[in-house]
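Shown next, in structure tokens, is the structure this report addresses.
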Amino acid sequence: GRGPTCVLGIDLGTTSVKAALVTGTERGLALAESCSRETQAHSDSLGAAPQGMEQDVQKIIRALNECLAALPQQQLQQVTHIGISGQMHGVVFWKSDKGCKWSESGTGPAFEPEQVSQLITWQDGRCSPTFLTSLPLPQSHVSLATGFGCATVYWYLKNSPDFLKSYDAAGTIQDYVVAMLCDLKKPLMSVQNAASWGYFNCRNKSWNTDILKKSGFPVHLLPEVGEPGSIAGRTTCAWHGIPKGAKVGIALGDFQCSVYSCLTERTDAVLNISTSAQLTISMPQGFQPPEAPDPSSAVSYFPFFNGDYLAVAASLNGGNVLATFVGMVAQWAQELGFQVQESAIYPRIIQAALAQNHSKLSVHPTIFGERHLPELLASVSSIGASELSLGHVTRALCRGLVENLCSMLPVQHLQEVGVRRLLGSGSALARNQVLRQEVERIFPFPVVYGKDVDAAVGAAMVM
């Protein structure tokens with residue numbers, strides 16, 4: 001007979017697209033197949049160089065089509081639901097009746113973008129601090145920043161108003177894909193993505209329409225907004241063998257889906273240390289964020305699911321700091337006339353640090369600053385003559401990285417909201433035993449490692 005029904009999860013990331021097939025088993029949901037393709041979609045930003053950061057939507061959709069073509073046809077034919085997540089904050093514009101064209105591919109019908117702009121991504125820097133302060137003050141708990149969809153629209157309004165006249169619809173890249181699959185005349189956006197655009201009030205779940213209209217903002221471009229986890233529509237066409245009529249969820253934020261993929265209990269906190277680092281907790285049911293943002297606060301509140309919020313301490317300093325330290329050691333060695341590969345330094349400094357159980361040396365490792373304190377750079381103190389070995393310094397650096405996150409979202413606060421367990425994820429934690437030891441020393445909770453945060457799987461699980 002027919003196999004079990006499948007859910008397809010898709011994540012449209014900054015550098016790659018991932019598709020995951022998730023099936024129901026007796027033990028719960030299980031990942032059956034997955035595929036990832038780099039988009040290589042970076043594109044020159046002609047109107048806003050050098051600060052602009054844009055991606056070619058054609059290349060993103062090509063990578064998506066390649067992913068789906070690589071998945072087993074037999075399982076795609078069993079798909080009943082599709083969950084889609086992607087990079088937040090960014091904006092893409094399209095013509096609602098000419099957003100894409102469908103054609104036959106080797107694995108069945110597929111769509112290609114037609115009258116669609118570039119994707120202006122979350123990394124876009126065209127809105128200077130001066131420009132942002134010239135905009136009306138949003139009624140939102142989120143501080144407006146460059147790369148946010150509404151700020152980018154304001155930039156076009158001022159610098160290239162004719163550009164906006166070519167389009168009558170806008171959304172994140174994931175909203176665009178949902179709109180094409182379901183043939184939505186008006187895009188539909190989740191509260192998660194709307195909050196990431198700015199000028200959205202999460203309390204009453206509506207755009208700041210009055211504020212926007214007064215300043216001449218083209219409010220007709222704003223999508224309708226719905227609840228994360230709800231259905232946006234059904235596929236109007238068979239798609240790479242996925243049957244016509246499959247339910248498609250409203251597009252979600254990649255961060256929320258990553259957390260959803262590993263967070264099983266409200267009493268869990270998620271610690272992710274890869275290039276950067278995040279410490280995330282669920283806020284108690286009924287929590288509402290403050291009416292206005294506190295620019296000096298290290299914690300941001302992200303809309304999650306079922307009206308809940310995540311409190312997120314997002315540090316710009318994680319594995320990138322260790323990589324910089326290793327690069328410095330390699331450079332010093334080279335200046336002394338020795339050639340040492342950086343890949344050979346990592347295991348040696350970790351081994352040396354494991355031999356030093358304690359170090360009075362204190363490293364404040366914020367070499368990349370923090371969003372709430374951009375001018376705060378790194379420092380080293382309590383330097384004693386007996387603690388200058390590579391082992392002492394590496395141990396102190398690892399401890400400093402964990403302590404920095406704790407300064408943003410203190411252990412005491414985690415205890416007050418009832419956290420009982422820490423889920424550790426990310427490449428830097430996986431590879432560095434010293435970092436894991438410092439996590440266990442500083443956090444008074446059991447720590448579970450190896451939790452894979454996966455936005456595509458999270459998007460499927462939501463469905």
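In the structure tokens, the first chain shown is A, the next is B, and so on; residue numbers restart at 1 for each chain, and ligands run from 1 in the order shown.
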
Which polymer residues have any atom within 12 Å of an atom of stretch 377-389 of chain A, counting only C-alpha atoms, with same-chain residues fewer than 3 positions away left out, as a ChimeraX atom specification?
/A:316-317,321,325,349,352-353,355-371,373-374,392-397,400-401,404

If you count only C-alpha atoms, which residues fall within 12 Å of A:Leu409, apart from same-chain ones fewer than 2 positions away, as a VMD selection string?
chain A and resid 269 to 271 278 to 281 297 to 300 311 to 315 402 to 407 411 to 417 443

Which of stretch 182-415 of chain A DSSP labels alpha helix (DSSP H), written as number ranges by chain:
A: 182, 191-195, 209-214, 254-260, 319-335, 342-354, 390-408, 411-415

Long-range neighbours of stretch 226-231 of chain A as a PDB file with all heavy atoms, in the first residue's frame, 8 Å cut-off, only C-alpha atoms, 3 positions minimum in chain:
ATOM      1  N   LEU A 188       0.478  36.654   2.031  1.00  0.00           N
ATOM      2  CA  LEU A 188       0.116  36.422   3.429  1.00  0.00           C
ATOM      3  C   LEU A 188       1.414  36.218   4.196  1.00  0.00           C
ATOM      4  O   LEU A 188       2.295  35.496   3.743  1.00  0.00           O
ATOM      5  CB  LEU A 188      -0.775  35.181   3.516  1.00  0.00           C
ATOM      6  CG  LEU A 188      -1.406  34.816   4.844  1.00  0.00           C
ATOM      7  CD1 LEU A 188      -2.274  35.952   5.382  1.00  0.00           C
ATOM      8  CD2 LEU A 188      -2.252  33.554   4.694  1.00  0.00           C
ATOM      9  N   MET A 189       1.534  36.881   5.356  1.00  0.00           N
ATOM     10  CA  MET A 189       2.788  36.883   6.114  1.00  0.00           C
ATOM     11  C   MET A 189       2.500  36.502   7.559  1.00  0.00           C
ATOM     12  O   MET A 189       1.478  36.905   8.117  1.00  0.00           O
ATOM     13  CB  MET A 189       3.365  38.308   6.037  1.00  0.00           C
ATOM     14  CG  MET A 189       4.718  38.505   6.653  1.00  0.00           C
ATOM     15  SD  MET A 189       5.203  40.264   6.534  1.00  0.00           S
ATOM     16  CE  MET A 189       6.681  40.149   5.551  1.00  0.00           C
ATOM     17  N   SER A 190       3.383  35.738   8.184  1.00  0.00           N
ATOM     18  CA  SER A 190       3.176  35.386   9.589  1.00  0.00           C
ATOM     19  C   SER A 190       3.570  36.558  10.489  1.00  0.00           C
ATOM     20  O   SER A 190       4.350  37.433  10.099  1.00  0.00           O
ATOM     21  CB  SER A 190       4.001  34.155   9.967  1.00  0.00           C
ATOM     22  OG  SER A 190       5.383  34.466   9.924  1.00  0.00           O
ATOM     23  N   VAL A 191       3.046  36.545  11.705  1.00  0.00           N
ATOM     24  CA  VAL A 191       3.406  37.548  12.717  1.00  0.00           C
ATOM     25  C   VAL A 191       4.929  37.580  12.904  1.00  0.00           C
ATOM     26  O   VAL A 191       5.526  38.635  13.098  1.00  0.00           O
ATOM     27  CB  VAL A 191       2.689  37.223  14.054  1.00  0.00           C
ATOM     28  CG1 VAL A 191       3.238  38.042  15.201  1.00  0.00           C
ATOM     29  CG2 VAL A 191       1.179  37.453  13.908  1.00  0.00           C
ATOM     30  N   GLN A 192       5.585  36.391  12.801  1.00  0.00           N
ATOM     31  CA  GLN A 192       7.045  36.319  12.977  1.00  0.00           C
ATOM     32  C   GLN A 192       7.771  37.192  11.948  1.00  0.00           C
ATOM     33  O   GLN A 192       8.657  37.977  12.297  1.00  0.00           O
ATOM     34  CB  GLN A 192       7.508  34.859  12.834  1.00  0.00           C
ATOM     35  CG  GLN A 192       6.987  33.947  13.928  1.00  0.00           C
ATOM     36  CD  GLN A 192       7.332  32.491  13.681  1.00  0.00           C
ATOM     37  OE1 GLN A 192       7.846  32.129  12.620  1.00  0.00           O
ATOM     38  NE2 GLN A 192       7.035  31.640  14.654  1.00  0.00           N
ATOM     39  N   LYS A 247      -1.475  21.033   1.450  1.00  0.00           N
ATOM     40  CA  LYS A 247      -1.624  22.234   2.290  1.00  0.00           C
ATOM     41  C   LYS A 247      -0.270  22.904   2.501  1.00  0.00           C
ATOM     42  O   LYS A 247       0.724  22.221   2.789  1.00  0.00           O
ATOM     43  CB  LYS A 247      -2.226  21.869   3.646  1.00  0.00           C
ATOM     44  CG  LYS A 247      -3.702  21.471   3.561  1.00  0.00           C
ATOM     45  CD  LYS A 247      -4.264  21.136   4.919  1.00  0.00           C
ATOM     46  CE  LYS A 247      -5.757  20.817   4.812  1.00  0.00           C
ATOM     47  NZ  LYS A 247      -6.305  20.395   6.109  1.00  0.00           N
ATOM     48  N   VAL A 248      -0.257  24.239   2.371  1.00  0.00           N
ATOM     49  CA  VAL A 248       0.984  25.006   2.536  1.00  0.00           C
ATOM     50  C   VAL A 248       0.818  25.936   3.736  1.00  0.00           C
ATOM     51  O   VAL A 248      -0.135  26.718   3.801  1.00  0.00           O
ATOM     52  CB  VAL A 248       1.298  25.840   1.264  1.00  0.00           C
ATOM     53  CG1 VAL A 248       2.617  26.594   1.437  1.00  0.00           C
ATOM     54  CG2 VAL A 248       1.351  24.941   0.034  1.00  0.00           C
ATOM     55  N   GLY A 249       1.739  25.840   4.687  1.00  0.00           N
ATOM     56  CA  GLY A 249       1.664  26.695   5.878  1.00  0.00           C
ATOM     57  C   GLY A 249       2.102  28.121   5.565  1.00  0.00           C
ATOM     58  O   GLY A 249       2.866  28.356   4.616  1.00  0.00           O
ATOM     59  N   ILE A 250       1.631  29.059   6.356  1.00  0.00           N
ATOM     60  CA  ILE A 250       2.088  30.440   6.251  1.00  0.00           C
ATOM     61  C   ILE A 250       3.600  30.444   6.528  1.00  0.00           C
ATOM     62  O   ILE A 250       4.087  29.680   7.360  1.00  0.00           O
ATOM     63  CB  ILE A 250       1.295  31.311   7.263  1.00  0.00           C
ATOM     64  CG1 ILE A 250       1.487  32.794   6.994  1.00  0.00           C
ATOM     65  CG2 ILE A 250       1.644  30.970   8.703  1.00  0.00           C
ATOM     66  CD1 ILE A 250       0.484  33.671   7.759  1.00  0.00           C
ATOM     67  N   ALA A 251       4.358  31.249   5.776  1.00  0.00           N
ATOM     68  CA  ALA A 251       5.826  31.218   5.892  1.00  0.00           C
ATOM     69  C   ALA A 251       6.292  31.698   7.264  1.00  0.00           C
ATOM     70  O   ALA A 251       5.706  32.603   7.855  1.00  0.00           O
ATOM     71  CB  ALA A 251       6.453  32.075   4.792  1.00  0.00           C
ATOM     72  N   LEU A 252       7.376  31.085   7.754  1.00  0.00           N
ATOM     73  CA  LEU A 252       7.843  31.293   9.128  1.00  0.00           C
ATOM     74  C   LEU A 252       9.252  31.860   9.154  1.00  0.00           C
ATOM     75  O   LEU A 252       9.969  31.835   8.154  1.00  0.00           O
ATOM     76  CB  LEU A 252       7.820  29.949   9.868  1.00  0.00           C
ATOM     77  CG  LEU A 252       6.466  29.216   9.859  1.00  0.00           C
ATOM     78  CD1 LEU A 252       6.642  27.772  10.277  1.00  0.00           C
ATOM     79  CD2 LEU A 252       5.463  29.927  10.743  1.00  0.00           C
ATOM     80  N   PHE A 304       6.887  33.673  18.793  1.00  0.00           N
ATOM     81  CA  PHE A 304       7.145  32.242  18.568  1.00  0.00           C
ATOM     82  C   PHE A 304       5.870  31.599  18.005  1.00  0.00           C
ATOM     83  O   PHE A 304       5.376  32.021  16.971  1.00  0.00           O
ATOM     84  CB  PHE A 304       7.622  31.610  19.883  1.00  0.00           C
ATOM     85  CG  PHE A 304       8.291  30.271  19.749  1.00  0.00           C
ATOM     86  CD1 PHE A 304       9.185  30.005  18.715  1.00  0.00           C
ATOM     87  CD2 PHE A 304       8.054  29.273  20.689  1.00  0.00           C
ATOM     88  CE1 PHE A 304       9.815  28.778  18.602  1.00  0.00           C
ATOM     89  CE2 PHE A 304       8.681  28.032  20.587  1.00  0.00           C
ATOM     90  CZ  PHE A 304       9.561  27.782  19.546  1.00  0.00           C
ATOM     91  N   PHE A 305       5.288  30.640  18.684  1.00  0.00           N
ATOM     92  CA  PHE A 305       4.053  29.989  18.232  1.00  0.00           C
ATOM     93  C   PHE A 305       2.997  30.054  19.338  1.00  0.00           C
ATOM     94  O   PHE A 305       3.333  30.164  20.516  1.00  0.00           O
ATOM     95  CB  PHE A 305       4.330  28.529  17.845  1.00  0.00           C
ATOM     96  CG  PHE A 305       5.246  28.400  16.652  1.00  0.00           C
ATOM     97  CD1 PHE A 305       6.607  28.202  16.819  1.00  0.00           C
ATOM     98  CD2 PHE A 305       4.752  28.513  15.361  1.00  0.00           C
ATOM     99  CE1 PHE A 305       7.468  28.113  15.725  1.00  0.00           C
ATOM    100  CE2 PHE A 305       5.596  28.423  14.254  1.00  0.00           C
ATOM    101  CZ  PHE A 305       6.954  28.221  14.445  1.00  0.00           C
ATOM    102  N   ASN A 306       1.745  29.985  18.940  1.00  0.00           N
ATOM    103  CA  ASN A 306       0.606  30.002  19.887  1.00  0.00           C
ATOM    104  C   ASN A 306       0.629  31.228  20.799  1.00  0.00           C
ATOM    105  O   ASN A 306       0.276  31.142  21.976  1.00  0.00           O
ATOM    106  CB  ASN A 306       0.598  28.714  20.746  1.00  0.00           C
ATOM    107  CG  ASN A 306       0.567  27.469  19.882  1.00  0.00           C
ATOM    108  OD1 ASN A 306      -0.191  27.420  18.909  1.00  0.00           O
ATOM    109  ND2 ASN A 306       1.391  26.501  20.206  1.00  0.00           N
ATOM    110  N   VAL A 462       6.224  22.044  12.534  1.00  0.00           N
ATOM    111  CA  VAL A 462       5.121  22.974  12.854  1.00  0.00           C
ATOM    112  C   VAL A 462       3.835  22.524  12.175  1.00  0.00           C
ATOM    113  O   VAL A 462       2.732  22.686  12.707  1.00  0.00           O
ATOM    114  CB  VAL A 462       5.481  24.417  12.406  1.00  0.00           C
ATOM    115  CG1 VAL A 462       4.295  25.359  12.538  1.00  0.00           C
ATOM    116  CG2 VAL A 462       6.649  24.940  13.229  1.00  0.00           C
ATOM    117  N   MET A 463       3.985  21.938  10.962  1.00  0.00           N
ATOM    118  CA  MET A 463       2.810  21.529  10.196  1.00  0.00           C
ATOM    119  C   MET A 463       2.134  20.316  10.819  1.00  0.00           C
ATOM    120  O   MET A 463       1.022  19.976  10.513  1.00  0.00           O
ATOM    121  CB  MET A 463       3.206  21.202   8.749  1.00  0.00           C
ATOM    122  CG  MET A 463       3.807  22.384   8.002  1.00  0.00           C
ATOM    123  SD  MET A 463       2.754  23.840   8.015  1.00  0.00           S
ATOM    124  CE  MET A 463       1.368  23.221   7.090  1.00  0.00           C
TER     125      MET A 463
END

Need the shell around stretch 27-41 of chain A: protein/DNA/RNA residues with any atom at most 10 Å away, counting only C-alpha atoms. Skip same-chain ones fewer than 5 positions apart. Format as an MDAnalysis selection string?
chainID A and resid 6:22 54:72 75 118:119 456:457 460:461

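Closest approach to A:Gln73 among A:Thr107, A:Thr209, A:Thr133, A:Ser274 is made by A:Thr107 (distances from only C-alpha atoms).
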
Picked from stretch 201-445 of chain A by DSSP as strand (DSSP E), as a ChimeraX atom specification:
/A:201,206-207,224-226,231-234,247-249,252-253,268-273,277-282,299-303,309-315,362-364,379-381,421-425

With C-alpha atoms retained, could you export that selection as a PDB file, in the first residue's frame?
ATOM      1  CA  ASN A 201       2.532  45.982  16.551  1.00  0.00           C
ATOM      2  CA  SER A 206      -1.429  44.920  12.906  1.00  0.00           C
ATOM      3  CA  TRP A 207       0.788  47.188  10.822  1.00  0.00           C
ATOM      4  CA  GLU A 224      -1.997  40.417   5.072  1.00  0.00           C
ATOM      5  CA  VAL A 225      -0.830  38.954   8.406  1.00  0.00           C
ATOM      6  CA  GLY A 226      -1.778  35.572   9.923  1.00  0.00           C
ATOM      7  CA  ILE A 231      -2.491  27.256   6.584  1.00  0.00           C
ATOM      8  CA  ALA A 232      -1.910  29.860   3.847  1.00  0.00           C
ATOM      9  CA  GLY A 233      -3.512  27.821   1.073  1.00  0.00           C
ATOM     10  CA  ARG A 234      -3.105  24.743  -1.102  1.00  0.00           C
ATOM     11  CA  LYS A 247      -1.624  22.234   2.290  1.00  0.00           C
ATOM     12  CA  VAL A 248       0.984  25.006   2.536  1.00  0.00           C
ATOM     13  CA  GLY A 249       1.664  26.695   5.878  1.00  0.00           C
ATOM     14  CA  LEU A 252       7.843  31.293   9.128  1.00  0.00           C
ATOM     15  CA  GLY A 253      11.040  32.831  10.526  1.00  0.00           C
ATOM     16  CA  ASP A 268      14.482  24.114  28.300  1.00  0.00           C
ATOM     17  CA  ALA A 269      16.919  26.849  27.299  1.00  0.00           C
ATOM     18  CA  VAL A 270      18.779  26.604  23.986  1.00  0.00           C
ATOM     19  CA  LEU A 271      22.472  27.567  23.840  1.00  0.00           C
ATOM     20  CA  ASN A 272      23.861  27.704  20.309  1.00  0.00           C
ATOM     21  CA  ILE A 273      27.522  28.544  19.712  1.00  0.00           C
ATOM     22  CA  ALA A 277      26.187  32.687  19.785  1.00  0.00           C
ATOM     23  CA  GLN A 278      22.601  32.743  21.062  1.00  0.00           C
ATOM     24  CA  LEU A 279      21.002  31.895  24.384  1.00  0.00           C
ATOM     25  CA  THR A 280      17.235  31.482  24.066  1.00  0.00           C
ATOM     26  CA  ILE A 281      14.395  30.795  26.491  1.00  0.00           C
ATOM     27  CA  SER A 282      10.613  30.566  26.181  1.00  0.00           C
ATOM     28  CA  VAL A 299      17.685  40.741  25.038  1.00  0.00           C
ATOM     29  CA  SER A 300      15.267  40.758  22.072  1.00  0.00           C
ATOM     30  CA  TYR A 301      11.770  39.237  22.069  1.00  0.00           C
ATOM     31  CA  PHE A 302      10.792  37.155  19.040  1.00  0.00           C
ATOM     32  CA  PRO A 303       7.166  36.057  18.395  1.00  0.00           C
ATOM     33  CA  TYR A 309       7.575  34.720  22.785  1.00  0.00           C
ATOM     34  CA  LEU A 310      11.236  33.762  22.873  1.00  0.00           C
ATOM     35  CA  ALA A 311      13.716  35.888  24.825  1.00  0.00           C
ATOM     36  CA  VAL A 312      16.966  35.863  22.859  1.00  0.00           C
ATOM     37  CA  ALA A 313      20.414  37.047  23.881  1.00  0.00           C
ATOM     38  CA  ALA A 314      22.133  37.134  20.481  1.00  0.00           C
ATOM     39  CA  SER A 315      25.873  37.714  20.780  1.00  0.00           C
ATOM     40  CA  SER A 362      39.959  37.215  32.836  1.00  0.00           C
ATOM     41  CA  VAL A 363      39.115  37.659  29.128  1.00  0.00           C
ATOM     42  CA  HIS A 364      36.218  39.832  28.015  1.00  0.00           C
ATOM     43  CA  SER A 379      39.877  43.326  27.108  1.00  0.00           C
ATOM     44  CA  VAL A 380      42.106  41.078  29.240  1.00  0.00           C
ATOM     45  CA  SER A 381      42.644  41.627  32.972  1.00  0.00           C
ATOM     46  CA  ARG A 421      17.784  21.994  31.320  1.00  0.00           C
ATOM     47  CA  LEU A 422      20.159  23.447  28.725  1.00  0.00           C
ATOM     48  CA  LEU A 423      20.214  22.181  25.126  1.00  0.00           C
ATOM     49  CA  GLY A 424      23.661  22.793  23.614  1.00  0.00           C
ATOM     50  CA  SER A 425      24.056  23.035  19.849  1.00  0.00           C
TER      51      SER A 425
END

Selected residue of minimal separation from A:Gly108 among A:Ser143, A:Asn193, A:Gln77, A:Asn320, counting only C-alpha atoms:
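Smallest distance to A:Gly108 is found for A:Gln77.
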
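Between atom CA of A:Gln51 and atom CA of A:Arg126 there is a distance of 5.1 Å.
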
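Interatomic distance, atom CA of A:Ile442 against atom CA of A:Cys257: 27.3 Å.
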
Using only C-alpha atoms, which protein or nucleic acid residues come within 8 Å of A:His141? Drop anything in the same chain fewer than 2 positions from it, and give the result as a list in words.
Gln139, Ser143, Asn201, Cys202, Pro289, Pro290, Glu291, Ala292 and Pro293 of chain A

Between A:Gly245, A:Trp239, A:Thr130, A:Gly86, which one has atoms that come closest to A:Glu112, using only C-alpha atoms?
A:Trp239

Name the closest residue to A:Cys100 among the candidates A:Leu390, A:Ala333, A:Ala151, A:Val116; distances are taken between atoms, counting only C-alpha atoms.
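For A:Cys100, the nearest of the given residues is A:Val116.
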
Report, in Å with one decimal, the straight-line distance from atom CA of A:Trp332 to atom CA of A:Val439.
29.2 Å

Which residues, written as an MDAnalysis selection string, have at least one atom at most 8 Å from stretch 166-173 of chain A, with only C-alpha atoms counted and residues fewer than 3 positions away on the same chain left out?
chainID A and resid 12 57 86:96 119 149 162:163 176:177 186:187 189 193 220:223

So that I can check the surroundings of A:Ala110, please list as a ChimeraX atom specification every protein, DNA and RNA residue that reaches within 7 Å of it, counting only C-alpha atoms and ignoring chain neighbours fewer than 6 positions away.
/A:102-104,239-240

Writer output for current selection, N, CA, C and O atoms, as a JSON list (two decimals), in the first residue's frame:
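Saved result, again.json, follows:
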[["chain", "number", "residue", "atom", "x", "y", "z"],
["A", 102, "TRP", "N", 4.96, 28.78, -14.71],
["A", 102, "TRP", "CA", 5.08, 27.35, -14.47],
["A", 102, "TRP", "C", 5.46, 26.65, -15.77],
["A", 102, "TRP", "O", 4.98, 27.01, -16.84],
["A", 103, "SER", "N", 6.34, 25.67, -15.66],
["A", 103, "SER", "CA", 6.69, 24.87, -16.84],
["A", 103, "SER", "C", 7.05, 23.46, -16.39],
["A", 103, "SER", "O", 7.26, 23.21, -15.20],
["A", 104, "GLU", "N", 7.12, 22.54, -17.33],
["A", 104, "GLU", "CA", 7.45, 21.15, -17.01],
["A", 104, "GLU", "C", 8.96, 21.02, -16.76],
["A", 104, "GLU", "O", 9.77, 21.56, -17.51],
["A", 239, "TRP", "N", 3.72, 19.85, -7.98],
["A", 239, "TRP", "CA", 5.02, 20.54, -7.90],
["A", 239, "TRP", "C", 6.09, 19.52, -7.60],
["A", 239, "TRP", "O", 6.14, 18.98, -6.51],
["A", 240, "HIS", "N", 6.93, 19.22, -8.59],
["A", 240, "HIS", "CA", 7.98, 18.20, -8.45],
["A", 240, "HIS", "C", 7.40, 16.88, -7.92],
["A", 240, "HIS", "O", 8.02, 16.21, -7.10]]

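Among the candidates A:Gly450, A:Gly319, A:Gly241, A:Pro50, the one nearest to A:Ala430 when counting only C-alpha atoms is A:Gly450.
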